[in-house]
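All remarks here apply to the structure that follows.
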Amino acid sequence: MTKKFTLEEFLDLLKKYNVEEIEGVKIEGDLEIEFEGSAIDLSAIAPLYSMLSEFSNFLYHANMALGYLQRLSAALGIPTPFVAQPGAVPSAAPAPEVAPPVEEVKLPQELVKAKFEPYKEEYPGKIEEVVLGATKADGGSREYTVTLGGEKSLAFYTFDAPQPHLPAIAIDVFDRKPMLAKAVRTHYEDVLDNPAEWAKKCVKKYGADLVTLHLISTDPLLDDTPASEAVKVLEDVLQAVKCPIIVGGSGNKEKDPEVLEKAAEVAEGERIMLASATLDMDWERIANAAKKYGHVVLSWTQMDINNQKTLNRYLLKRVEVPRNSIVMDPTTAALGYGLDYAFTNMERIRISGLKGDTDLNFPISSGTTNAWGAREAWMIDSPIEEDTPWGPRELRGPIWEIITGLTLSLAGVDLFMMMHPVAVAVLKEVFNTLGGKVSGGVADPGEWMFMEV
Amino acid sequence: MKVKSPLEVYNYLPRTNCGECGYDTCMSFAAHVLDRSASVLDCKPLVEDAKKDPKVKKKLDELLELTAPEIAEVVIGVGDSAVKIGGEEVLHRHELTFFNPTAFFYDVWDTMEDKDLEERCERVVSYKKFYVGNFLTLDGFAIRCTSNDPKRYREVVKKVASYGKPMILVTLDPECMKAALEEVADQRPLMYAATEGNWKEFLKLALDYNVPVTLRAKDLDLLKSMAVTFKQAGVKDIVLDPVTEPLGEGLKGTFERVIQLRRTAIAAQDKDVAYPIMVTPIAAWLIDGDEVSKSYWEAVIASMFIVKYGDIMIFRSLDQHVVMPTITLRFNIYTDPRTPVQVEPGVRAINDPGPDDPVFITTNFALTYYTVESDLTSGGIKGWLLVLNTEGLGVEVSVAGGQFTASKVKELMEETKIEEKVNHKYLVIPGLAARLQGAIEDETGWKVLVGPMDSGRIKGWLEKNWPPKE
Ligand code: B12
Ligand code: SF4
């Protein structure tokens, strides 16, 4: 009996397994592959390989496709040459060692001289430079601006290409008391009711480069503050601090476009960032507002490189947002709660940008405050009895935010939105260090071997 | 691995489909060799023939060479607790996966009081952190010789060896190293470290005792020269330490050296540096500052190099604010991105429940499932846990993406015959699935209670809400 399966079925299967990055693959005709029985016919395998290699740009590894094929064929009952037939018994016996005869070696008296030739990577692409904030000279009232992006290499790989701007840190401010972990709240207790003072504290005391004002009170399920009223707080904050400002909505898809549009209007000339436009809301309205009043738009997608590409392209092509006015938020998941997805998604986006994908070569922003959602950051102790006790949470929380941020900085994040002052300080030190801005070191880095403590 | 398709491997195999390797066909076996779930040496006919026929032997050697990982693999320790490091293929995890998680070693020193030593060793071996269905644990000990006394060092090494974990022997002095090796060479400890000053003696020790050795040099020409020299002399198990400097320009330089070593090994195919890399976050304890600053910085250095190519590390701090983030990060970075992590859907009886006990529902994403399951089990909560097939997605994701729906909940309840197991009709759903409450009630006819957002709070929630008061 001869069965056929078509490329289409195969692609459907891949979709089912969430392998969706099929953009750029051309499917010509209705390629069919035939298998006869379970005998191995190399001539039948050859076209399969050429088919598989077609997919190599969206599959991690051709072999992965093989795995899918096997599952597909198992599910559909179609024999392929690769499928183990039922009844195969895996053998557990260890393989015999192939021991080479031992030879007497003469010990060398001198080192064999070898030269290490470091590999150098040069990418064709460059990440766009995006300026946040405008000074008097540019029609705003900020005392300084912050530039994101400009990389021609992976983050901190200054041995490949200089990194013109180190990542910047924005601290979150809310227009109404938010739910905060205790370890965070204690640092803002005195300003929780006063966003302008709150913003001042972030800049003066905690060294924020920027401030993100979240207008969460506009949420219809919270206070439903009208947009025109909510933006008064933005005006206060613009008065109170002279750093560049980011403005966020409440996350309500219906209300945010209106709120952000109003914010764009009252902050005209200040080159703020509007956070954010997403695919499932009226992104067009937000992007148009950014364009009209000279602001930057944050393009936010949920951990999906293709959606990120799509949204960016809409902003560029349909609204014609200038290339220097887009920043991306591909979504941050906390350490232990999806950080692996977030890291790899961002790393892939950054590498694509550097390799020349002009839909993806924008600076990346991370909502690092998400780290506080991890139970390790805020719970008093482990709910698991057998766990080694978790220790004081005052020390766990900030390090959870630090390591989440640090990991993503290595994936290429340019802008961090954070909250805990210690986390902000430590990450700054990390960026300055890896950016080559901290001189010195310890006298003898090998001393730990002998230290008597 | 030099080969890229199973066909290339297949051509080296006997092609008899004898099935001895446990796979039905040679081609299937080849596919598994390629994703490293099988080893060439599992094909016994090939190995046996190689013993008799030099031509086959040559083929086998070629195949072993072709399928060897890009970065050499080194095993430290013996038996069940042995750790394997290196063996990596790619520079970015999305290109395939990272294979052998960074091994974590914790320092002890030979001038410690016996009591302190025991206490510290005990902390290392007993460490446990539950995560996605398993307990994360620590790998071994780095025993520093601070006495400079071979006899004392040997004693302490012997004592630490009794804990049964892999060891790194830390001393630059050949006499002390020799004394320790005489005691524990059969445990396959890692020598730390051969340097420009002692390499001749250490090379001899590595050969005499047949143990892995770390080469330590900041100058990468020197480091490579040592690696070439050791390899030519017959040392197979080599680890490279490009020297971890904990601060400022020094740390920046360390970052560059580690990345250049790995990148040059993989992208430029420089086999002379294609070995596992050692990083020593413990060097953070050389900086000025209080204990918290030092330990935070130790976590920072470790994390940097868990993400970027550190294969084995020596730590000082056993405090949870250092261990927990680093051990979790290691798990995340080394998770295979090709396979969704999921568990079997169905129903689980938790803590021997009866018909009066609550019915909960969660998803089959491993992280979600194990978190919920362990919260219930260790909280002593009796109940029935329905596990919905959301194709390995968490609660919020699957609610948003449409894999967690009222009709699927109904199907699951029918399949598991849950209504026969309990004498009530109350279903507790995750707080993050609250928006499905009405739909599930309509679909199933059960009363739906919205539980807390975090399953760690189910216990407190039940105290107020169970049994339900109509
Ligand atoms: C990782 C992640 C992904 C991964 C998912 C990996 C996976 N295997 O699940 C990927 C990249 C695939 C993904 C995709 C999407 N995601 Co997503 N994702 C996340 C992220 C970052 C973490 C989710 C997570 O794993 N949490 C950890 C697990 C353990 O939590 P959990 O399952 O909820 O379980 C806890 C509780 O629910 C509770 N619990 C569980 N069971 C039970 C049972 C009972 C009885 C009780 C009482 C409690 C309880 O306790 C558990 C432990 O705390 C969140 C944002 C965030 N920081 O939370 C967004 C998030 C969930 N994603 C979101 C979205 C929108 C999506 C997409 C739809 C976007 C898109 N690209 O189209 C897709 C959906 C894909 C699909 N379904 O087909 C949104 C959801 C918004 C909403 N509320 O509707 C979020 C919140 C991001 C955001 N802020 O917008 N995502
Ligand atoms: S043991 Fe060797 S010859 Fe036999 S099926 Fe497996 S790979 Fe083929």
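Identifiers for the structure tokens are assigned positionally: chains receive A, B, ... in sequence, residues are indexed from 1 per chain, and ligands are indexed from 1 in the order shown.
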Quick one: residues within 9 Å of Ala265 of chain B, only C-alpha atoms counted, chain neighbours fewer than 5 positions away excluded, as a list in words? Tyr119 of chain A; Glu70, Ile71, Gln260, Asp270, Lys271, Asp272, Val273, Ala274 and Tyr275 of chain B
Write down as a ChimeraX atom specification the residues of segment 113-228 of chain A whose backbone DSSP state falls under strand (DSSP E). /A:129-132,146-149,168-174,210-214
Would you mind listing, as a PyMOL selection string, all residues of chain B that have at least one atom within 6 Å of chain A, where only C-alpha atoms are what counts? chain B and resi 22-24+27-28+41-42+95-96+127-129+146+221+225+229+245+247-250+252+260+264+283+320-321+328+332-333+378
Can you check which residues of segment 193-422 of chain B DSSP gives as alpha helix (DSSP H) on the backbone and send them as a ChimeraX atom specification? /B:199-209,220-232,248-266,291-307,320-333,366-378,395-401,406-415,418-421
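Contacts with ligand 2 are defined as any residue atom within 8 Å of a ligand atom, using only C-alpha atoms and all ligand atoms; the residues meeting this criterion are Tyr10, Leu13, Pro14, Arg15, Thr16, Asn17, Cys18, Gly19, Glu20, Cys21, Gly22, Tyr23, Asp24, Thr25, Cys26, Met27, Ser28, Phe29, Ala30, Asp42, Cys43, Lys44, Pro45 and Leu46 of chain B.
Close contacts of Glu201 of chain B, defined as residues with an atom at most 10 Å away when counting only C-alpha atoms, with chain neighbours fewer than 3 positions off set aside, comprise Leu107 of chain A; Asp173, Pro174, Glu175, Met177, Lys178, Ala194, Gly197, Asn198, Lys204, Leu205 and Ala206 of chain B.
Excluding Lys232 of chain A itself and same-chain residues fewer than 4 positions from it, the residues having an atom within 9 Å of it are Ala227, Ser228, Asp236, Val237, Ala263 and Val266 of chain A, counting only C-alpha atoms.
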Tell me which protein, DNA and RNA residues are within 9 Å of segment 391-397 of chain B, counting only C-alpha atoms, leaving out same-chain ones fewer than 6 positions away, and put them as a PyMOL selection string. (chain A and resi 17) or (chain B and resi 340-343+362-369+403-404+430+432-433)
Separation of atom CA of Gly346 of chain B from atom CA of Leu385 of chain B, in Å and rounded to one decimal: 8.3 Å
Give me the residues near segment 75-80 of chain B as an MDAnalysis selection string, where near means some atom within 10 Å (using only C-alpha atoms) and where sequence neighbours in that chain fewer than 4 positions away do not count. chainID B and resid 84:86 103 139:140 164:168 185:191 211:213 237
Those residues with N, CA and C atoms, as a short mmCIF file (atom, residue, chain, number, x, y, z; two decimals), in the first residue's frame please?
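This is the output file part_3.cif:
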data_model
loop_
_atom_site.label_atom_id
_atom_site.label_comp_id
_atom_site.auth_asym_id
_atom_site.auth_seq_id
_atom_site.Cartn_x
_atom_site.Cartn_y
_atom_site.Cartn_z
N LYS B 84 28.85 15.88 34.14
CA LYS B 84 29.44 16.00 32.82
C LYS B 84 29.39 17.46 32.44
N ILE B 85 30.50 18.00 31.98
CA ILE B 85 30.49 19.42 31.57
C ILE B 85 30.98 19.54 30.14
N GLY B 86 30.71 20.69 29.53
CA GLY B 86 31.12 20.90 28.13
C GLY B 86 30.15 20.20 27.20
N ALA B 103 28.12 23.28 36.04
CA ALA B 103 28.21 22.55 37.30
C ALA B 103 28.59 23.52 38.42
N ASP B 139 26.27 20.50 42.92
CA ASP B 139 27.03 19.41 42.32
C ASP B 139 28.21 18.89 43.14
N GLY B 140 28.95 19.78 43.80
CA GLY B 140 30.13 19.24 44.46
C GLY B 140 30.91 20.25 45.28
N GLY B 164 30.62 11.82 49.03
CA GLY B 164 30.21 11.19 47.78
C GLY B 164 29.90 12.13 46.63
N LYS B 165 30.33 13.37 46.73
CA LYS B 165 30.08 14.32 45.63
C LYS B 165 31.37 14.54 44.84
N PRO B 166 31.25 14.94 43.58
CA PRO B 166 32.45 15.26 42.80
C PRO B 166 33.27 16.37 43.46
N MET B 167 34.56 16.36 43.20
CA MET B 167 35.45 17.32 43.87
C MET B 167 36.35 18.05 42.88
N ILE B 168 36.67 19.29 43.23
CA ILE B 168 37.74 20.02 42.56
C ILE B 168 38.83 20.20 43.61
N ALA B 185 42.29 9.89 43.75
CA ALA B 185 42.35 9.89 42.28
C ALA B 185 41.26 9.02 41.67
N ASP B 186 40.91 7.93 42.34
CA ASP B 186 39.89 7.03 41.78
C ASP B 186 38.49 7.65 41.80
N GLN B 187 38.36 8.80 42.45
CA GLN B 187 37.06 9.49 42.45
C GLN B 187 36.96 10.49 41.29
N ARG B 188 37.99 10.51 40.46
CA ARG B 188 38.02 11.42 39.31
C ARG B 188 37.77 12.88 39.70
N PRO B 189 38.60 13.41 40.60
CA PRO B 189 38.46 14.84 40.92
C PRO B 189 39.06 15.67 39.79
N LEU B 190 38.68 16.94 39.75
CA LEU B 190 39.27 17.86 38.77
C LEU B 190 40.41 18.61 39.44
N MET B 191 41.60 18.59 38.83
CA MET B 191 42.73 19.34 39.38
C MET B 191 42.57 20.82 39.05
N VAL B 211 43.46 11.95 35.72
CA VAL B 211 42.34 12.77 36.19
C VAL B 211 42.26 14.04 35.33
N PRO B 212 41.07 14.64 35.24
CA PRO B 212 40.94 15.88 34.47
C PRO B 212 41.69 17.03 35.14
N VAL B 213 42.11 17.98 34.32
CA VAL B 213 42.92 19.08 34.87
C VAL B 213 42.46 20.42 34.30
N ASP B 237 41.33 15.07 29.24
CA ASP B 237 40.29 15.83 29.93
C ASP B 237 40.82 17.16 30.44
#
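Neighbouring residues of Leu180 of chain A at 12 Å or closer, counting only C-alpha atoms and skipping chain neighbours under 6 positions away, are Asp172, Val173, Phe174, Thr186, His187, Tyr188, Glu189, Leu192, Thr369, Asn370, Ala371, Trp372, Gly373, Ala377, Trp378, Gly397, Met419 and His420 of chain A.
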N, CA and C atoms of the current selection, written as a short mmCIF file (atom, residue, chain, number, x, y, z; two decimals), in the first residue's frame:
data_model
loop_
_atom_site.label_atom_id
_atom_site.label_comp_id
_atom_site.auth_asym_id
_atom_site.auth_seq_id
_atom_site.Cartn_x
_atom_site.Cartn_y
_atom_site.Cartn_z
N ASP A 172 9.46 52.94 37.53
CA ASP A 172 8.02 53.03 37.39
C ASP A 172 7.39 53.93 38.46
N VAL A 173 6.45 54.76 38.00
CA VAL A 173 5.64 55.60 38.89
C VAL A 173 4.18 55.38 38.50
N PHE A 174 3.29 55.34 39.47
CA PHE A 174 1.88 55.08 39.16
C PHE A 174 1.02 56.25 39.61
N THR A 186 8.22 49.60 50.57
CA THR A 186 8.86 50.35 51.66
C THR A 186 9.71 51.51 51.13
N HIS A 187 10.22 51.37 49.91
CA HIS A 187 11.07 52.44 49.38
C HIS A 187 10.27 53.61 48.81
N TYR A 188 8.96 53.43 48.67
CA TYR A 188 8.14 54.48 48.07
C TYR A 188 6.98 54.91 48.96
N GLU A 189 6.95 54.36 50.17
CA GLU A 189 5.84 54.59 51.09
C GLU A 189 5.44 56.07 51.19
N LEU A 192 3.68 57.47 47.62
CA LEU A 192 2.70 56.68 46.87
C LEU A 192 1.47 57.49 46.44
N THR A 369 10.24 44.85 36.05
CA THR A 369 9.49 44.80 37.30
C THR A 369 8.68 43.51 37.42
N ASN A 370 8.37 42.89 36.27
CA ASN A 370 7.68 41.59 36.27
C ASN A 370 8.33 40.57 37.18
N ALA A 371 9.62 40.75 37.43
CA ALA A 371 10.34 39.79 38.27
C ALA A 371 9.66 39.63 39.63
N TRP A 372 8.99 40.69 40.07
CA TRP A 372 8.35 40.64 41.39
C TRP A 372 7.13 39.73 41.41
N GLY A 373 6.72 39.26 40.24
CA GLY A 373 5.62 38.31 40.19
C GLY A 373 6.07 36.91 40.61
N ALA A 377 10.51 35.84 44.76
CA ALA A 377 10.84 37.23 45.05
C ALA A 377 10.06 37.76 46.25
N TRP A 378 8.83 37.26 46.44
CA TRP A 378 8.02 37.92 47.47
C TRP A 378 7.52 37.02 48.59
N GLY A 397 14.21 39.30 46.83
CA GLY A 397 13.44 40.10 45.87
C GLY A 397 14.32 40.89 44.92
N MET A 419 11.95 48.77 39.48
CA MET A 419 11.40 49.40 40.67
C MET A 419 12.31 49.40 41.89
N HIS A 420 12.97 48.31 42.19
CA HIS A 420 13.70 48.29 43.45
C HIS A 420 15.01 49.07 43.33
#
